[in-house]
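Some notes on the structure that comes next.
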Amino acid sequence: MASSNVTMLAFCVALTLSELYTDAVAEAVAQPLRHSHRKATKTWCVAKPSAEAAALQGNLEFACSESDCGAIQGTGGCTRPDSLLSRASVAMNAYYQARGRNTWNCFFNGTGLITITDPSLGACKYA
């Protein structure tokens, strides 16, 4: 009799702990989901450093035909460093931001890279 009472007690304790653990895990998973609407992580699109020059030039031309590339023209603030990689990155990011920051808006035939690190440098402020 005592053995069955101990077994029943052990079962009840295990069941209670299991419920507490399940509730704690569910809360831990649900909390970020409830607050995810507050502030999304900012992302930027830059050119992959390994991209070929011809691909970067094509990206630059396409992105500037579809979005505002004033930042890399004239005194726009992003004229330095004056490299194709830098200009293409600014243009690709302008396109990516203007189109809603979707992953497919930074694909550029595999030459785009999404980053969570702000690529702004000096006077060149990425949107």
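Letters for chains follow the order of the structure tokens (A, B, ...), residue numbers begin at 1 for each chain, and ligand numbers begin at 1 in the order shown.
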Once you count only C-alpha atoms, what closest atom pair and distance in Å to one decimal does each residue of stretch 36-68 of chain A within 8 Å of stretch 99-118 of chain A have, with rows by chain and rising residue number, as JSON lines?
{"residue": "A:Thr41", "atom": "CA", "partner": "A:Ile116", "partner_atom": "CA", "distance": 7.3}
{"residue": "A:Lys42", "atom": "CA", "partner": "A:Ile116", "partner_atom": "CA", "distance": 6.3}
{"residue": "A:Thr43", "atom": "CA", "partner": "A:Ile116", "partner_atom": "CA", "distance": 4.7}
{"residue": "A:Trp44", "atom": "CA", "partner": "A:Thr115", "partner_atom": "CA", "distance": 5.3}
{"residue": "A:Cys45", "atom": "CA", "partner": "A:Ile114", "partner_atom": "CA", "distance": 4.6}
{"residue": "A:Val46", "atom": "CA", "partner": "A:Leu113", "partner_atom": "CA", "distance": 5.3}
{"residue": "A:Ala47", "atom": "CA", "partner": "A:Gly112", "partner_atom": "CA", "distance": 4.7}
{"residue": "A:Lys48", "atom": "CA", "partner": "A:Thr111", "partner_atom": "CA", "distance": 5.4}
{"residue": "A:Ala51", "atom": "CA", "partner": "A:Thr111", "partner_atom": "CA", "distance": 5.7}
{"residue": "A:Ala55", "atom": "CA", "partner": "A:Thr111", "partner_atom": "CA", "distance": 7.5}
{"residue": "A:Leu56", "atom": "CA", "partner": "A:Thr111", "partner_atom": "CA", "distance": 7.8}
{"residue": "A:Asn59", "atom": "CA", "partner": "A:Phe108", "partner_atom": "CA", "distance": 6.6}
Would you save the residues of that selection, restricted to N, CA and C atoms, as a PDB file, in the first residue's frame?
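File produced: part_5.pdb:
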ATOM      1  N   THR A  41      14.512  44.015 -36.840  1.00  0.00           N
ATOM      2  CA  THR A  41      15.935  44.217 -37.007  1.00  0.00           C
ATOM      3  C   THR A  41      16.184  44.906 -38.335  1.00  0.00           C
ATOM      4  N   LYS A  42      16.940  45.985 -38.307  1.00  0.00           N
ATOM      5  CA  LYS A  42      17.271  46.718 -39.528  1.00  0.00           C
ATOM      6  C   LYS A  42      18.262  45.902 -40.336  1.00  0.00           C
ATOM      7  N   THR A  43      18.054  45.846 -41.625  1.00  0.00           N
ATOM      8  CA  THR A  43      18.954  45.127 -42.513  1.00  0.00           C
ATOM      9  C   THR A  43      19.321  46.008 -43.695  1.00  0.00           C
ATOM     10  N   TRP A  44      20.468  45.713 -44.290  1.00  0.00           N
ATOM     11  CA  TRP A  44      20.958  46.429 -45.458  1.00  0.00           C
ATOM     12  C   TRP A  44      21.415  45.413 -46.490  1.00  0.00           C
ATOM     13  N   CYS A  45      21.465  45.840 -47.727  1.00  0.00           N
ATOM     14  CA  CYS A  45      21.940  44.993 -48.817  1.00  0.00           C
ATOM     15  C   CYS A  45      23.242  45.585 -49.345  1.00  0.00           C
ATOM     16  N   VAL A  46      24.265  44.768 -49.427  1.00  0.00           N
ATOM     17  CA  VAL A  46      25.547  45.206 -49.970  1.00  0.00           C
ATOM     18  C   VAL A  46      26.014  44.194 -51.017  1.00  0.00           C
ATOM     19  N   ALA A  47      26.955  44.620 -51.825  1.00  0.00           N
ATOM     20  CA  ALA A  47      27.521  43.742 -52.843  1.00  0.00           C
ATOM     21  C   ALA A  47      28.525  42.784 -52.202  1.00  0.00           C
ATOM     22  N   LYS A  48      28.516  41.558 -52.654  1.00  0.00           N
ATOM     23  CA  LYS A  48      29.509  40.593 -52.178  1.00  0.00           C
ATOM     24  C   LYS A  48      30.886  41.028 -52.680  1.00  0.00           C
ATOM     25  N   ALA A  51      32.169  39.471 -55.907  1.00  0.00           N
ATOM     26  CA  ALA A  51      31.422  39.624 -57.160  1.00  0.00           C
ATOM     27  C   ALA A  51      32.320  40.171 -58.270  1.00  0.00           C
ATOM     28  N   ALA A  55      29.340  42.106 -63.130  1.00  0.00           N
ATOM     29  CA  ALA A  55      28.090  41.909 -62.389  1.00  0.00           C
ATOM     30  C   ALA A  55      27.785  43.135 -61.529  1.00  0.00           C
ATOM     31  N   LEU A  56      28.808  43.688 -60.887  1.00  0.00           N
ATOM     32  CA  LEU A  56      28.597  44.884 -60.062  1.00  0.00           C
ATOM     33  C   LEU A  56      28.128  46.056 -60.908  1.00  0.00           C
ATOM     34  N   ASN A  59      24.539  45.512 -61.712  1.00  0.00           N
ATOM     35  CA  ASN A  59      23.725  45.785 -60.523  1.00  0.00           C
ATOM     36  C   ASN A  59      23.555  47.281 -60.322  1.00  0.00           C
TER      37      ASN A  59
END
List as a list in words the protein and nucleic acid residues near A:Ala94, meaning an atom at most 9 Å away when only C-alpha atoms are counted, but skip any in the same chain fewer than 5 places from it.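 The residues satisfying every condition are Trp44, Cys45, Ala63, Cys64, Ser67, Asp68, Cys69, Ser89, Arg99, Tyr126 and Ala127 of chain A.
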What does the distance from atom CA of A:Asp82 to atom CA of A:Cys124 come to in Å, to one decimal? 11.7 Å
How many Å lie between atom CA of A:Ala54 and atom CA of A:Cys78, rounded to one decimal?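 Here the two named atoms are 20.8 Å from each other.
Using only C-alpha atoms, the contacts of A:Leu60 at a cut-off of 6 Å, with sequence neighbours closer than 3 positions omitted, comprise A:Gln57, A:Ala63, A:Ala88, A:Ala91.
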Output for the residues just chosen: N, CA, C and O atoms as a PDB file, in the first residue's frame:
ATOM      1  N   GLN A  57      28.715  46.219 -62.092  1.00  0.00           N
ATOM      2  CA  GLN A  57      28.305  47.305 -62.986  1.00  0.00           C
ATOM      3  C   GLN A  57      26.855  47.118 -63.413  1.00  0.00           C
ATOM      4  O   GLN A  57      26.080  48.075 -63.446  1.00  0.00           O
ATOM      5  N   ALA A  63      19.931  48.931 -60.429  1.00  0.00           N
ATOM      6  CA  ALA A  63      19.417  49.524 -59.188  1.00  0.00           C
ATOM      7  C   ALA A  63      19.163  51.015 -59.358  1.00  0.00           C
ATOM      8  O   ALA A  63      18.150  51.529 -58.870  1.00  0.00           O
ATOM      9  N   ALA A  88      28.226  50.193 -56.079  1.00  0.00           N
ATOM     10  CA  ALA A  88      27.224  49.149 -56.313  1.00  0.00           C
ATOM     11  C   ALA A  88      26.492  48.819 -55.017  1.00  0.00           C
ATOM     12  O   ALA A  88      25.270  48.634 -55.017  1.00  0.00           O
ATOM     13  N   ALA A  91      23.938  51.547 -54.283  1.00  0.00           N
ATOM     14  CA  ALA A  91      22.817  51.437 -55.225  1.00  0.00           C
ATOM     15  C   ALA A  91      21.949  50.222 -54.920  1.00  0.00           C
ATOM     16  O   ALA A  91      20.712  50.300 -54.919  1.00  0.00           O
TER      17      ALA A  91
END
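Between A:Val90 and the residues A:Ala40, A:Ala53, A:Ala71, A:Ala123, the shortest atom-to-atom distance, using only C-alpha atoms, involves A:Ala71.
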Give the strand (DSSP E) residues of stretch 33-87 of chain A, as DSSP finds them on the backbone, and put them as JSON, numbers by chain. {"A": [44, 45, 46, 47]}
For A:Leu85, which residue out of A:Ser120, A:Lys125, A:Ser50, A:Glu66 is the nearest one, using only C-alpha atoms? A:Ser50
